[in-house]
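Data block for coords_16.tsv (TSV, C-alpha atoms):
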```tsv
chain	number	residue	atom	x	y	z
D	1477	MET	CA	0.00	0.00	0.00
D	1478	PHE	CA	2.82	2.43	0.87
D	1479	PRO	CA	5.96	2.94	-1.24
D	1480	GLU	CA	9.14	1.47	0.25
D	1481	ARG	CA	10.32	4.71	1.89
D	1482	TRP	CA	6.96	5.19	3.62
D	1483	VAL	CA	6.08	3.62	6.94
D	1484	ARG	CA	2.81	3.81	8.88
D	1485	PHE	CA	2.44	3.86	12.63
D	1486	GLU	CA	-0.53	4.08	14.94
D	1487	ALA	CA	-0.91	3.49	18.65
D	1488	ASP	CA	-3.29	0.60	17.94
D	1489	MET	CA	-0.37	-1.36	16.45
D	1490	TYR	CA	0.98	-1.70	19.99
D	1491	PHE	CA	-1.98	-3.92	20.86
D	1492	GLU	CA	-1.55	-6.34	17.95
D	1493	GLU	CA	-0.27	-9.77	18.96
D	1494	GLU	CA	0.10	-12.52	16.38
D	1495	GLY	CA	-2.55	-10.99	14.14
D	1496	GLN	CA	-5.00	-10.41	17.01
D	1497	TYR	CA	-6.00	-7.02	18.40
D	1498	LYS	CA	-5.90	-7.10	22.22
D	1499	PHE	CA	-6.69	-3.63	23.54
D	1500	ASP	CA	-5.84	-2.82	27.14
D	1501	PRO	CA	-6.95	0.69	28.20
D	1502	LYS	CA	-4.38	0.63	31.02
D	1503	LYS	CA	-1.63	0.53	28.40
D	1504	LEU	CA	-2.92	3.33	26.16
D	1505	GLY	CA	-0.24	5.75	27.35
D	1506	GLU	CA	2.44	3.15	26.62
D	1507	ALA	CA	0.95	2.62	23.18
D	1508	HIS	CA	1.14	6.31	22.33
D	1509	ASP	CA	4.71	6.52	23.65
D	1510	TRP	CA	5.65	3.51	21.52
D	1511	CYS	CA	4.05	5.08	18.45
D	1512	TYR	CA	5.92	8.35	18.98
D	1513	GLN	CA	9.24	6.51	19.40
D	1514	GLN	CA	8.64	4.52	16.20
D	1515	VAL	CA	7.86	7.71	14.29
D	1516	GLU	CA	10.95	9.44	15.68
D	1517	GLN	CA	13.25	6.58	14.68
D	1518	ALA	CA	11.74	6.34	11.20
D	1519	LEU	CA	12.26	10.07	10.64
D	1520	ILE	CA	15.86	9.79	11.86
D	1521	ASP	CA	16.29	6.93	9.38
D	1522	GLY	CA	15.10	9.25	6.60
D	1523	LYS	CA	11.76	7.58	5.97
D	1524	ASN	CA	8.49	9.23	5.11
D	1525	VAL	CA	6.03	8.62	7.91
D	1526	PHE	CA	2.26	8.35	8.03
D	1527	VAL	CA	0.82	8.61	11.56
D	1528	SER	CA	-2.61	7.06	11.66
D	1529	ASN	CA	-3.81	8.10	15.13
D	1530	THR	CA	-6.98	10.02	15.86
D	1531	ASN	CA	-4.94	13.08	17.00
D	1532	LEU	CA	-8.12	14.82	18.05
D	1533	THR	CA	-6.54	17.85	19.69
D	1534	LYS	CA	-3.94	20.48	18.88
D	1535	TRP	CA	-1.77	19.06	21.67
D	1536	GLU	CA	-1.85	15.52	20.26
D	1537	ARG	CA	-0.90	16.70	16.76
D	1538	GLY	CA	1.61	19.23	18.04
D	1539	LYS	CA	4.11	16.74	19.38
D	1540	TYR	CA	4.37	15.09	15.94
D	1541	ILE	CA	4.60	18.46	14.16
D	1542	ARG	CA	7.42	19.53	16.52
D	1543	LEU	CA	9.18	16.21	16.02
D	1544	ALA	CA	9.06	16.60	12.24
D	1545	SER	CA	10.54	20.09	12.46
D	1546	GLU	CA	13.31	18.95	14.82
D	1547	VAL	CA	14.36	15.75	13.03
D	1548	GLN	CA	13.95	16.47	9.33
D	1549	ASN	CA	13.28	19.18	6.82
D	1550	VAL	CA	9.93	17.66	5.85
D	1551	GLU	CA	6.49	18.51	4.60
D	1552	VAL	CA	3.76	17.93	7.18
D	1553	LYS	CA	0.31	17.05	5.94
D	1554	ILE	CA	-2.71	16.65	8.20
D	1555	VAL	CA	-5.48	14.62	6.57
D	1556	ILE	CA	-8.91	14.98	8.12
D	1557	CYS	CA	-10.91	11.85	7.45
D	1558	THR	CA	-14.43	12.83	6.52
D	1559	GLY	CA	-17.26	10.43	5.99
D	1560	ASN	CA	-18.21	7.18	7.65
D	1561	TYR	CA	-15.63	4.48	8.22
D	1562	GLN	CA	-15.76	1.00	9.67
D	1563	ASN	CA	-15.19	0.77	13.42
D	1564	VAL	CA	-12.55	-1.97	13.11
D	1565	HIS	CA	-11.63	-2.01	16.81
D	1566	GLY	CA	-15.17	-2.10	18.19
D	1567	VAL	CA	-14.96	1.23	20.02
D	1568	PRO	CA	-18.22	1.72	21.96
D	1569	GLU	CA	-20.58	4.34	20.51
D	1570	GLU	CA	-20.47	6.40	23.72
D	1571	LYS	CA	-16.66	6.59	23.48
D	1572	LEU	CA	-16.90	7.64	19.82
D	1573	LYS	CA	-19.33	10.39	20.83
D	1574	LEU	CA	-16.88	11.66	23.49
D	1575	MET	CA	-14.05	11.60	20.95
D	1576	LYS	CA	-16.11	13.69	18.53
D	1577	GLU	CA	-16.80	16.20	21.29
D	1578	ARG	CA	-13.06	16.52	22.05
D	1579	TYR	CA	-12.15	17.13	18.41
D	1580	GLU	CA	-10.33	20.40	17.64
D	1581	ALA	CA	-10.13	21.17	13.93
D	1582	PRO	CA	-6.54	21.75	12.73
D	1583	SER	CA	-5.57	25.31	11.91
D	1584	ALA	CA	-2.57	27.16	10.50
D	1585	ASP	CA	-1.53	28.43	13.95
D	1586	GLU	CA	-0.44	24.89	14.83
D	1587	PHE	CA	2.46	25.47	12.47
D	1588	ASP	CA	3.57	28.87	13.83
D	1589	ASN	CA	7.03	27.60	14.78
D	1590	PHE	CA	7.32	25.28	11.81
D	1591	ASN	CA	9.10	26.95	8.91
D	1592	GLU	CA	8.60	24.18	6.39
D	1593	LYS	CA	5.74	23.26	4.08
D	1594	TYR	CA	2.46	22.08	5.50
D	1595	VAL	CA	-1.03	21.41	4.25
D	1596	ILE	CA	-4.29	20.54	5.96
D	1597	THR	CA	-6.66	18.57	3.77
D	1598	ASN	CA	-9.65	16.30	4.04
D	1599	SER	CA	-9.69	12.69	2.89
D	1600	LYS	CA	-11.07	13.80	-0.49
D	1601	GLY	CA	-8.05	16.04	-1.09
D	1602	THR	CA	-9.75	19.41	-0.54
D	1603	GLN	CA	-7.19	21.78	0.96
D	1604	HIS	CA	-8.25	23.72	4.07
D	1605	VAL	CA	-5.21	25.97	4.67
```
What is this structure when it is put down as structure tokens?
Amino acid sequence: MFPERWVRFEADMYFEEEGQYKFDPKKLGEAHDWCYQQVEQALIDGKNVFVSNTNLTKWERGKYIRLASEVQNVEVKIVICTGNYQNVHGVPEEKLKLMKERYEAPSADEFDNFNEKYVITNSKGTQHV
């Protein structure tokens, strides 16, 4: 799916064991730390990285944006998935509702200290900033 120099990471990968998804909410912080470390190493190794987390808030996205600016001279692209998608991990509807309520739409000010290229787009390719 991704060209050779691209790698994808998401916190949910931390919970995959022998092809099975075994979510443990007590380990969610560890999962996000693991994801961040994987992204950091891939950027250091010169790879293009796709982070497939929900990144609902400015704070959650910001740590990856800062990392990209510190490690590499890279383009950062935030893709906002619009539409309806399969709930592959069986997240309860109430939790999905809370996640939607926490959502902060990305904006150009998230890139104030980032001197490189960036784009915010939706999953259909329509540019927002």
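For the choices D:Tyr1540, D:Thr1533, D:Phe1499, D:Ser1528, the atom-to-atom distance to Glu1516 in chain D is smallest for D:Tyr1540 when using all atoms listed in the file.
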What lies within 12 Å of Met1575 in chain D using all atoms listed in the file, ignoring chain neighbours under 5 positions off, as a ChimeraX atom specification? /D:1530-1533,1567-1570,1580
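Going from CA of Gln1517 in chain D to CA of Phe1485 in chain D covers 11.3 Å.
Taking CA of Val1564 in chain D as the reference point, CA of Glu1551 in chain D is found at 29.2 Å.
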Neighbours of Ala1507 in chain D within 7 Å (all atoms listed in the file; same-chain residues fewer than 4 positions away dropped), as number ranges by chain? D: 1487, 1490, 1503, 1511
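Here CA of Gly1522 in chain D and CA of Ile1554 in chain D stand 19.4 Å from one another.
When all atoms listed in the file are used to measure the gap to Ala1584 in chain D, the shortest distance among D:Leu1572, D:His1565, D:Lys1534, D:Gln1514 belongs to D:Lys1534.
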Between D:Glu1546, D:Glu1493, D:Asp1521, D:Asp1488, smallest distance to His1508 in chain D by all atoms listed in the file belongs to D:Asp1488
